[in-house]
file final.csv (CSV, C-alpha atoms)
chain,number,residue,atom,x,y,z
D,26,MET,CA,85.4,212.6,104.3
D,27,ARG,CA,86.0,209.7,102.0
D,28,ASP,CA,88.6,207.1,102.6
D,29,ASP,CA,90.1,207.0,99.1
D,30,PRO,CA,90.6,210.6,98.0
D,31,HIS,CA,92.2,211.0,94.6
D,32,PRO,CA,95.4,213.0,94.6
D,33,GLU,CA,93.9,215.5,92.1
D,34,ALA,CA,90.5,215.8,93.9
D,35,PRO,CA,90.0,219.2,95.4
D,36,THR,CA,89.9,218.1,99.0
D,37,PRO,CA,91.3,220.4,101.7
D,38,HIS,CA,94.5,218.2,101.8
D,39,ALA,CA,95.0,218.5,98.0
D,40,ARG,CA,94.7,222.3,98.3
D,41,HIS,CA,97.2,222.3,101.2
D,42,TRP,CA,99.8,220.4,99.2
D,43,TYR,CA,99.1,222.4,96.1
D,44,TRP,CA,100.0,225.6,98.0
D,45,ARG,CA,103.1,223.9,99.4
D,46,GLY,CA,104.1,223.3,95.8
D,47,VAL,CA,103.4,227.0,94.9
D,48,ARG,CA,105.7,228.0,97.8
D,49,GLY,CA,108.3,225.6,96.6
D,50,ALA,CA,108.4,227.6,93.3
D,51,ILE,CA,109.2,230.8,95.2
D,52,SER,CA,112.6,229.7,96.2
D,53,VAL,CA,116.3,230.3,95.3
D,54,PRO,CA,116.2,227.9,92.3
D,55,GLY,CA,113.0,229.5,91.2
D,56,LEU,CA,114.6,233.0,91.4
D,57,ILE,CA,117.6,231.9,89.4
D,58,LEU,CA,115.4,230.4,86.8
D,59,ALA,CA,113.5,233.7,86.6
D,60,SER,CA,116.7,235.5,86.1
D,61,ALA,CA,117.6,233.2,83.2
D,62,PHE,CA,114.2,233.9,81.6
D,63,VAL,CA,115.1,237.6,81.9
D,64,GLY,CA,118.0,236.8,79.6
D,65,PHE,CA,115.7,234.8,77.3
D,66,ALA,CA,113.2,237.6,76.9
D,67,SER,CA,116.0,239.9,75.7
D,68,LEU,CA,117.2,237.2,73.4
D,69,ALA,CA,113.7,236.7,71.9
D,70,ARG,CA,113.1,240.4,71.5
D,71,ASP,CA,116.4,240.8,69.8
D,72,ALA,CA,115.6,238.0,67.4
D,73,GLY,CA,112.5,239.9,66.2
D,74,LEU,CA,109.7,238.0,68.0
D,75,THR,CA,106.6,239.8,69.2
D,76,LEU,CA,105.6,239.9,72.9
D,77,LEU,CA,102.7,237.5,72.4
D,78,GLN,CA,104.9,235.0,70.4
D,79,THR,CA,107.6,235.1,73.2
D,80,VAL,CA,105.1,234.6,76.0
D,81,PHE,CA,103.3,231.8,74.0
D,82,MET,CA,106.7,230.1,73.5
D,83,THR,CA,107.6,230.4,77.1
D,84,GLY,CA,104.5,228.6,78.3
D,85,ILE,CA,104.1,226.0,75.5
D,86,VAL,CA,107.8,224.9,75.2
D,87,TRP,CA,108.7,225.7,78.8
D,88,ALA,CA,112.2,224.0,78.9
D,89,LEU,CA,114.6,226.9,78.7
D,90,PRO,CA,117.3,225.1,76.6
D,91,ALA,CA,114.6,224.2,74.0
D,92,ASN,CA,113.4,227.8,74.0
D,93,VAL,CA,117.0,229.1,73.5
D,94,VAL,CA,117.7,226.5,70.7
D,95,LEU,CA,114.4,227.5,69.0
D,96,ILE,CA,115.4,231.2,69.1
D,97,GLY,CA,118.8,230.2,67.7
D,98,ALA,CA,117.2,228.3,64.9
D,99,ILE,CA,114.9,231.3,64.1
D,100,LEU,CA,117.9,233.6,64.1
D,101,ALA,CA,119.8,231.3,61.8
D,102,GLY,CA,116.8,231.3,59.4
D,103,ALA,CA,116.3,227.6,59.7
D,104,SER,CA,113.3,226.0,58.0
D,105,LEU,CA,110.5,224.5,60.1
D,106,PRO,CA,111.7,220.8,59.9
D,107,ALA,CA,115.3,221.9,60.7
D,108,ALA,CA,114.2,224.0,63.7
D,109,ALA,CA,112.0,221.1,65.0
D,110,PHE,CA,114.9,218.7,64.6
D,111,ALA,CA,117.3,220.9,66.5
D,112,VAL,CA,114.8,221.5,69.3
D,113,ALA,CA,113.9,217.8,69.5
D,114,LEU,CA,117.5,216.8,69.7
D,115,SER,CA,118.1,219.3,72.6
D,116,SER,CA,115.1,218.0,74.4
D,117,ILE,CA,115.8,214.2,74.4
D,118,ARG,CA,117.1,214.7,77.9
D,119,LEU,CA,113.5,215.3,79.0
D,120,THR,CA,112.6,211.7,78.5
D,121,PRO,CA,115.0,210.2,81.1
D,122,MET,CA,114.0,213.0,83.5
D,123,VAL,CA,110.3,212.2,83.2
D,124,VAL,CA,111.1,208.5,83.4
D,125,ALA,CA,112.8,209.1,86.7
D,126,LEU,CA,110.1,211.4,88.0
D,127,VAL,CA,107.0,209.3,87.2
D,128,PRO,CA,107.6,206.5,89.8
D,129,GLU,CA,108.0,209.3,92.4
D,130,LEU,CA,104.9,211.1,91.4
D,131,ARG,CA,102.5,208.2,90.9
D,132,ALA,CA,100.2,207.0,93.7
D,133,GLN,CA,97.8,204.1,93.5
D,134,GLY,CA,94.9,205.2,91.4
D,135,THR,CA,96.6,208.2,89.8
D,136,ARG,CA,95.0,208.7,86.4
D,137,LYS,CA,97.2,208.5,83.3
D,138,TRP,CA,96.1,211.9,81.9
D,139,VAL,CA,97.2,213.6,85.2
D,140,LEU,CA,100.7,212.3,84.6
D,141,TYR,CA,100.7,213.5,81.0
D,142,LEU,CA,99.5,216.9,82.1
D,143,LEU,CA,102.1,217.2,84.8
D,144,ALA,CA,104.9,216.0,82.5
D,145,HIS,CA,104.6,219.3,80.6
D,146,PHE,CA,106.0,221.1,83.6
D,147,VAL,CA,109.1,219.0,83.6
D,148,ALA,CA,112.3,221.1,83.0
D,149,VAL,CA,115.5,221.3,84.9
D,150,THR,CA,114.4,223.5,87.8
D,151,SER,CA,111.1,221.9,88.7
D,152,TRP,CA,112.6,218.5,88.3
D,153,VAL,CA,115.5,219.2,90.6
D,154,ILE,CA,113.2,220.6,93.3
D,155,ALA,CA,110.7,217.7,92.9
D,156,MET,CA,113.3,215.0,93.0
D,157,ALA,CA,114.7,216.6,96.2
D,158,ARG,CA,111.4,217.1,98.0
D,159,LEU,CA,108.8,214.6,96.8
D,160,ARG,CA,110.1,211.9,99.0
D,161,ASP,CA,109.0,213.9,102.1
D,162,ILE,CA,105.5,214.3,100.8
D,163,PRO,CA,102.7,211.8,101.4
D,164,ARG,CA,102.5,209.8,98.2
D,165,GLU,CA,98.8,210.6,97.5
D,166,TRP,CA,99.5,214.3,97.6
D,167,ARG,CA,102.6,214.4,95.4
D,168,THR,CA,100.7,215.2,92.1
D,169,ALA,CA,98.9,218.1,93.9
D,170,TYR,CA,102.3,219.4,95.1
D,171,TYR,CA,103.9,219.1,91.7
D,172,LEU,CA,100.9,220.8,90.0
D,173,GLY,CA,101.4,223.7,92.3
D,174,LEU,CA,105.2,223.8,91.8
D,175,GLY,CA,105.2,223.4,88.0
D,176,SER,CA,102.3,225.6,87.1
D,177,THR,CA,103.6,228.4,89.4
D,178,LEU,CA,107.0,228.3,87.8
D,179,VAL,CA,105.5,228.5,84.3
D,180,LEU,CA,103.1,231.4,85.1
D,181,VAL,CA,105.7,233.4,87.1
D,182,ASN,CA,108.2,233.2,84.2
D,183,MET,CA,105.5,234.1,81.6
D,184,ALA,CA,105.0,237.2,83.7
D,185,VAL,CA,108.7,237.8,84.0
D,186,VAL,CA,109.2,237.5,80.2
D,187,THR,CA,106.3,240.0,79.6
D,188,VAL,CA,107.8,242.6,81.9
D,189,VAL,CA,111.4,242.3,80.6
D,190,PHE,CA,110.2,242.2,77.0
D,191,LEU,CA,108.5,245.6,77.5
D,192,ILE,CA,111.4,247.3,79.2
D,193,SER,CA,114.4,245.7,77.7
D,194,GLY,CA,114.6,248.2,74.8
D,195,GLN,CA,115.2,251.1,77.2
D,196,LEU,CA,118.1,249.6,79.2
D,197,PRO,CA,121.7,250.9,79.1
D,198,PRO,CA,124.0,248.7,77.0
D,199,ALA,CA,126.0,247.4,79.9
D,200,VAL,CA,122.8,246.2,81.7
D,201,SER,CA,121.5,244.7,78.5
D,202,ALA,CA,124.8,242.9,77.9
D,203,ALA,CA,124.7,241.6,81.5
D,204,LEU,CA,121.1,240.2,80.9
D,205,PHE,CA,122.4,238.2,77.9
D,206,LEU,CA,125.1,236.6,80.0
D,207,LEU,CA,122.5,235.3,82.6
D,208,THR,CA,121.2,232.4,80.5
D,209,PRO,CA,124.5,230.8,79.6
D,210,MET,CA,125.9,231.2,83.1
D,211,TYR,CA,122.8,229.7,84.7
D,212,PHE,CA,123.1,226.6,82.4
D,213,LEU,CA,126.8,226.4,82.8
D,214,THR,CA,126.6,226.1,86.6
D,215,SER,CA,123.3,224.2,87.0
D,216,MET,CA,124.2,221.6,84.3
D,217,TRP,CA,127.5,220.9,85.9
D,218,GLY,CA,125.8,220.4,89.3
D,219,SER,CA,123.1,218.1,87.9
D,220,ALA,CA,125.4,215.7,86.0
D,221,ARG,CA,125.0,212.3,87.4
D,222,GLU,CA,128.1,210.6,86.2
D,223,ARG,CA,131.6,211.7,85.3
D,224,ALA,CA,130.7,211.2,81.6
D,225,GLY,CA,128.2,214.0,82.0
D,226,HIS,CA,131.0,216.4,82.9
D,227,ILE,CA,133.1,215.2,80.0
D,228,ALA,CA,130.2,215.6,77.7
D,229,MET,CA,129.8,219.2,78.9
D,230,LEU,CA,133.4,220.1,78.4
D,231,LEU,CA,133.5,218.5,74.9
D,232,GLY,CA,130.3,220.3,74.0
D,233,LEU,CA,131.6,223.7,75.2
D,234,VAL,CA,134.7,223.4,73.0
D,235,LEU,CA,133.1,221.6,70.0
D,236,GLY,CA,130.1,224.0,69.8
D,237,PRO,CA,132.1,227.1,68.7
D,238,VAL,CA,134.5,224.9,66.6
D,239,PHE,CA,131.7,223.4,64.6
D,240,HIS,CA,130.0,226.8,64.4
D,241,VAL,CA,133.0,227.9,62.3
D,242,VAL,CA,133.8,224.7,60.5
D,243,LEU,CA,130.2,223.4,59.8
D,244,PRO,CA,127.8,226.2,60.2
D,245,GLY,CA,124.2,225.0,60.4
D,246,TYR,CA,125.2,221.6,61.8
D,247,ASP,CA,127.2,222.9,64.8
D,248,LEU,CA,124.8,221.9,67.5
D,249,LEU,CA,124.0,218.5,66.0
D,250,MET,CA,127.7,217.6,65.4
D,251,ALA,CA,128.8,218.9,68.8
D,252,GLY,CA,126.1,216.8,70.5
D,253,LEU,CA,126.8,213.6,68.6
D,254,VAL,CA,130.6,213.8,68.7
D,255,GLY,CA,130.9,215.2,72.2
D,256,GLY,CA,128.2,212.8,73.5
D,257,LEU,CA,129.7,209.8,71.8
D,258,GLY,CA,133.1,210.6,73.1
D,259,ALA,CA,131.9,211.0,76.7
D,260,TRP,CA,129.9,207.8,76.4
D,261,LEU,CA,133.0,205.8,75.1
D,262,PHE,CA,134.8,207.1,78.2
D,263,HIS,CA,131.9,205.9,80.4
D,264,VAL,CA,131.9,202.4,78.8
D,265,ALA,CA,135.7,202.1,79.1
D,266,THR,CA,135.6,203.0,82.8
D,267,ALA,CA,132.3,201.4,83.8
D,268,ARG,CA,133.7,198.0,84.6
D,269,LYS,CA,133.8,198.8,88.3
D,270,PRO,CA,130.2,199.0,89.4
D,271,SER,CA,129.0,202.5,90.7
D,272,ALA,CA,132.4,204.2,90.6
Y,17,MET,CA,109.4,227.6,55.7
Y,18,THR,CA,111.4,229.9,57.9
Y,19,PHE,CA,110.0,231.7,60.9
Y,20,PHE,CA,109.8,235.0,59.1
Y,21,GLY,CA,109.1,233.5,55.7
Y,22,ASN,CA,105.3,233.7,55.9
Y,23,ASP,CA,103.1,236.8,56.5
Y,24,ALA,CA,100.1,234.9,57.8
Y,25,TRP,CA,99.4,235.9,61.5
Y,26,TRP,CA,99.1,232.2,62.5
Y,27,TRP,CA,102.4,231.1,60.9
Y,28,PRO,CA,104.8,232.0,63.8
Y,29,TYR,CA,102.5,230.3,66.3
Y,30,PHE,CA,102.3,227.2,64.1
Y,31,PHE,CA,106.1,227.3,63.8
Y,32,ILE,CA,106.4,227.5,67.6
Y,33,LEU,CA,103.8,224.7,68.1
Y,34,VAL,CA,105.6,222.3,65.8
Y,35,ALA,CA,109.2,223.2,66.3
Y,36,GLY,CA,108.7,224.0,70.0
Y,37,TRP,CA,105.8,222.3,71.7
Y,38,LEU,CA,105.7,219.1,69.6
Y,39,ALA,CA,109.5,218.8,69.7
Y,40,THR,CA,109.6,219.0,73.5
Y,41,ASP,CA,106.4,217.5,74.8
Y,42,PHE,CA,106.9,214.5,72.6
Y,43,TRP,CA,109.9,213.5,74.8
Y,44,ARG,CA,108.0,214.3,78.0
Y,45,PHE,CA,105.0,212.1,77.0
Y,46,LEU,CA,107.4,209.4,75.9
Y,47,GLY,CA,108.9,209.6,79.4
Y,48,VAL,CA,105.5,209.0,81.0
Y,49,PHE,CA,104.8,206.2,78.5
Y,50,ILE,CA,108.1,204.4,79.2
Y,51,GLY,CA,107.6,204.9,83.0
Y,52,ASP,CA,109.8,202.6,84.8
Y,53,ARG,CA,110.4,200.1,82.1
Y,54,ILE,CA,114.0,201.3,81.5
Y,55,ALA,CA,116.8,201.3,84.0
Y,56,GLU,CA,118.1,204.8,84.6
Y,57,ASP,CA,121.7,203.6,84.7
Y,58,SER,CA,121.6,201.5,81.6
Y,59,SER,CA,124.3,202.3,79.1
Y,60,VAL,CA,121.8,203.4,76.4
Y,61,MET,CA,120.4,206.0,78.9
Y,62,VAL,CA,123.9,207.2,79.6
Y,63,LEU,CA,124.5,207.8,75.8
Y,64,VAL,CA,121.1,209.6,75.6
Y,65,ARG,CA,122.2,211.9,78.5
Y,66,THR,CA,125.8,212.6,77.2
Y,67,VAL,CA,124.6,213.5,73.7
Y,68,ALA,CA,121.9,215.8,75.2
Y,69,THR,CA,124.4,217.3,77.6
Y,70,ALA,CA,127.0,218.0,74.9
Y,71,LEU,CA,124.4,219.6,72.7
Y,72,VAL,CA,123.2,222.0,75.4
Y,73,ALA,CA,126.8,222.7,76.3
Y,74,ALA,CA,127.4,223.7,72.7
Y,75,VAL,CA,124.4,226.0,72.9
Y,76,ILE,CA,125.9,227.6,76.0
Y,77,ALA,CA,129.3,228.1,74.5
Y,78,ASN,CA,127.9,229.6,71.3
Y,79,LEU,CA,125.8,232.1,73.4
Y,80,ILE,CA,129.1,233.3,74.9
Y,81,VAL,CA,131.4,233.1,71.9
Y,82,PHE,CA,128.9,234.2,69.2
Y,83,PRO,CA,126.3,236.1,71.2
Y,84,GLY,CA,123.4,238.3,70.1
Y,85,GLY,CA,122.1,241.7,71.2
Y,86,ALA,CA,124.2,244.0,73.3
Y,87,LEU,CA,126.5,241.2,74.4
Y,88,ALA,CA,127.8,241.0,70.7
Y,89,ALA,CA,129.4,244.5,71.1
Y,90,THR,CA,131.6,243.4,74.0
Y,91,PRO,CA,135.1,242.0,73.6
Y,92,LEU,CA,135.3,238.2,73.2
Y,93,LEU,CA,138.1,238.0,75.8
Y,94,LEU,CA,136.0,239.8,78.4
Y,95,ARG,CA,133.1,237.5,77.9
Y,96,LEU,CA,135.3,234.4,78.1
Y,97,GLY,CA,137.0,235.8,81.2
Y,98,ALA,CA,133.7,236.7,82.9
Y,99,ALA,CA,132.3,233.2,82.2
Y,100,ALA,CA,135.5,231.5,83.3
Y,101,ALA,CA,135.7,233.6,86.5
Y,102,GLY,CA,132.0,232.8,87.3
Y,103,PHE,CA,132.5,229.1,86.7
Y,104,ALA,CA,135.7,229.0,88.8
Y,105,ALA,CA,133.9,230.7,91.7
Y,106,TYR,CA,131.0,228.2,91.4
Y,107,LEU,CA,133.5,225.3,91.5
Y,108,ALA,CA,135.7,226.8,94.3
Y,109,ILE,CA,133.0,228.0,96.7
Y,110,SER,CA,130.4,225.4,97.7
Y,111,ARG,CA,128.9,225.0,94.1
Y,112,SER,CA,126.7,228.0,94.5
Y,113,ILE,CA,124.9,228.9,91.2
Y,114,VAL,CA,124.0,232.3,92.5
Y,115,LEU,CA,127.6,233.1,93.3
Y,116,GLY,CA,128.8,231.8,89.9
Y,117,ILE,CA,126.3,234.0,88.0
Y,118,ALA,CA,127.1,237.0,90.3
Y,119,VAL,CA,130.9,236.8,89.8
Y,120,ALA,CA,130.5,236.5,86.0
Y,121,GLU,CA,128.2,239.5,85.9
Y,122,VAL,CA,130.5,241.6,88.1
Y,123,VAL,CA,133.5,240.9,85.9
Y,124,LEU,CA,131.5,241.7,82.7
Y,125,ILE,CA,130.0,244.9,84.0
Y,126,SER,CA,133.2,246.2,85.6
Y,127,GLY,CA,135.1,245.3,82.4
Y,128,LEU,CA,132.5,247.3,80.3
Y,129,LEU,CA,132.4,250.3,82.7
Y,130,PHE,CA,136.2,250.6,83.3
Y,131,GLY,CA,137.2,249.7,79.8
Y,132,ALA,CA,138.8,246.2,79.6
call {"tool": "encode", "arguments": {"input": "final.csv", "output": "structure tokens"}}
result
Amino acid sequence: MRDDPHPEAPTPHARHWYWRGVRGAISVPGLILASAFVGFASLARDAGLTLLQTVFMTGIVWALPANVVLIGAILAGASLPAAAFAVALSSIRLTPMVVALVPELRAQGTRKWVLYLLAHFVAVTSWVIAMARLRDIPREWRTAYYLGLGSTLVLVNMAVVTVVFLISGQLPPAVSAALFLLTPMYFLTSMWGSARERAGHIAMLLGLVLGPVFHVVLPGYDLLMAGLVGGLGAWLFHVATARKPSA
Amino acid sequence: MTFFGNDAWWWPYFFILVAGWLATDFWRFLGVFIGDRIAEDSSVMVLVRTVATALVAAVIANLIVFPGGALAATPLLLRLGAAAAGFAAYLAISRSIVLGIAVAEVVLISGLLFGA
């Protein structure tokens, strides 16, 4: 046994914490995420994507909002730059999430490429689980834990998407309609719960109202405009009320 | 330049790589790069978060108001009622995501089966 094991070295301990991460993925939040990907698979199939394209997209994009926005852009017949812009805009939130996660993940001697690799697994669910549990895990095994957690969530949902894609054409309409409602309901509830400040809730309410309004008034720019107008409005509220520290 | 606008087998994958992978992992990698150089509660970060939140909320609302697939054939009022009931249940009873989703689905399915 060496005294300075690297977190990513395949020592018995790393394997132990890796499997703890795998088990962390098989949990209630993991199950809910899988049900939301059930809805996504139906959405992608309906948009005309092939099975391989849908599974590829699930693994390579991973964040479900980004996946849903990309499908939305494909459905709207958006050009490549316009689609990339919409997806990029919907994914800016990943940066502050990763910024918050990195200091929790990093141990002394953790190599940079390990952090870049693990960052790919960052999406709402794995981030929420990691932020809640990492503090109870010895620092040098946190990267092993997060590798187990993140990679399992990705692989399980790629499998879920495959199965649902194959059977979703044969479902009764009521069941099929119910599947399409899973994704928005999952985001509606989980986003409300994960908002840090009151401004987050205001941003959500404004976005919910402005999205459909701009969809009618300014088709093609609805997401962009709802994000900018709603976000700026909520931010102005935050600035106006932020004089008292940590309200 | 649209997703279905090119017959080459690799085009959809290229489209997904650029508009999907590049557009998401760029932000993740930037997050690693910035590390802890930015204060999470700085006012610029709050603006970044509120814009992102409002944008995703707009996606959610459009999925309910202007849905695709089999959901498009259901009455708008039923969809709004189901989503509102699910969200109210989530808020009222211990912020349970499972419960919120379940209530919305029960309202939608019973509305469809028993003719809303």
call {"tool": "closest_atom_pairs", "arguments": {"input": "final.csv", "of": "chain Y", "to": "chain D", "cutoff": "7 Å", "atoms": "only C-alpha atoms", "output": "CSV"}}
result
residue,atom,partner,partner_atom,distance
Y:Met17,CA,D:Ser104,CA,4.8
Y:Thr18,CA,D:Ser104,CA,4.3
Y:Phe19,CA,D:Ile99,CA,5.9
Y:Tyr29,CA,D:Gln78,CA,6.7
Y:Phe31,CA,D:Leu105,CA,6.4
Y:Ile32,CA,D:Met82,CA,6.5
Y:Val34,CA,D:Ala109,CA,6.6
Y:Ala35,CA,D:Ala109,CA,3.7
Y:Gly36,CA,D:Val86,CA,5.4
Y:Trp37,CA,D:Val86,CA,4.8
Y:Ala39,CA,D:Ala113,CA,4.5
Y:Thr40,CA,D:Ser116,CA,5.7
Y:Asp41,CA,D:His145,CA,6.3
Y:Trp43,CA,D:Thr120,CA,4.9
Y:Arg44,CA,D:Thr120,CA,5.3
Y:Phe45,CA,D:Tyr141,CA,6.0
Y:Leu46,CA,D:Thr120,CA,6.3
Y:Gly47,CA,D:Thr120,CA,4.3
Y:Val48,CA,D:Val124,CA,6.1
Y:Ile50,CA,D:Val124,CA,6.6
Y:Gly51,CA,D:Val124,CA,5.0
Y:Asp52,CA,D:Val124,CA,6.2
Y:Val62,CA,D:Trp260,CA,6.8
Y:Leu63,CA,D:Trp260,CA,5.4
Y:Val64,CA,D:Arg118,CA,6.9
Y:Arg65,CA,D:Arg118,CA,5.8
Y:Thr66,CA,D:Gly256,CA,4.4
Y:Val67,CA,D:Gly256,CA,3.7
Y:Ala68,CA,D:Arg118,CA,5.6
Y:Thr69,CA,D:Met229,CA,5.9
Y:Ala70,CA,D:Gly232,CA,4.1
Y:Leu71,CA,D:Gly252,CA,3.9
Y:Val72,CA,D:Ser115,CA,6.4
Y:Ala73,CA,D:Gly232,CA,4.8
Y:Ala74,CA,D:Gly236,CA,4.0
Y:Val75,CA,D:Gly236,CA,6.8
Y:Ile76,CA,D:Pro209,CA,5.0
Y:Ala77,CA,D:Leu233,CA,5.0
Y:Asn78,CA,D:Pro237,CA,5.5
Y:Leu79,CA,D:Pro209,CA,6.5
Y:Val81,CA,D:Pro237,CA,6.8
Y:Gly85,CA,D:Asp71,CA,5.9
Y:Ala86,CA,D:Ala202,CA,4.8
Y:Leu87,CA,D:Ala202,CA,4.2
Y:Ala99,CA,D:Met210,CA,6.8
Y:Phe103,CA,D:Thr214,CA,6.6
Y:Tyr106,CA,D:Thr214,CA,6.8
Y:Ile113,CA,D:Thr214,CA,5.6
Y:Gly116,CA,D:Thr214,CA,6.9
Y:Ile117,CA,D:Met210,CA,5.7
Y:Glu121,CA,D:Ala203,CA,6.0
Y:Leu124,CA,D:Ala203,CA,6.9
Y:Ile125,CA,D:Ala199,CA,6.2
Y:Leu128,CA,D:Ala199,CA,6.5
call {"tool": "atom_distance", "arguments": {"input": "final.csv", "atom1": "atom CA of Val122 of chain Y", "atom2": "atom CA of Ala88 of chain Y"}}
result
17.6 Å
call {"tool": "atom_distance", "arguments": {"input": "final.csv", "atom1": "atom CA of Leu92 of chain Y", "atom2": "atom CA of Gly127 of chain Y"}}
result
11.6 Å
call {"tool": "atom_distance", "arguments": {"input": "final.csv", "atom1": "atom CA of Ile154 of chain D", "atom2": "atom CA of Val47 of chain D"}}
result
11.8 Å
call {"tool": "residues_near_point", "arguments": {"input": "final.csv", "point": "(106.4, 208.3, 97.1)", "cutoff": "7 Å", "atoms": "only C-alpha atoms", "output": "list in words"}}
result
Glu129, Leu130, Leu159, Arg160, Pro163 and Arg164 of chain D
call {"tool": "closest_residue", "arguments": {"input": "final.csv", "among": "D:Leu178, D:Ala39, D:Met183, D:Leu76", "to": "Ser52 of chain D", "atoms": "all atoms listed in the file"}}
result
D:Leu178
call {"tool": "closest_residue", "arguments": {"input": "final.csv", "among": "D:Ala169, D:Val80, D:Val241, D:Arg158", "to": "Val185 of chain D", "atoms": "all atoms listed in the file"}}
result
D:Val80
call {"tool": "closest_residue", "arguments": {"input": "final.csv", "among": "D:Ala155, D:Val186, D:Leu180, D:Leu174", "to": "Gly64 of chain D", "atoms": "all atoms listed in the file"}}
result
D:Val186
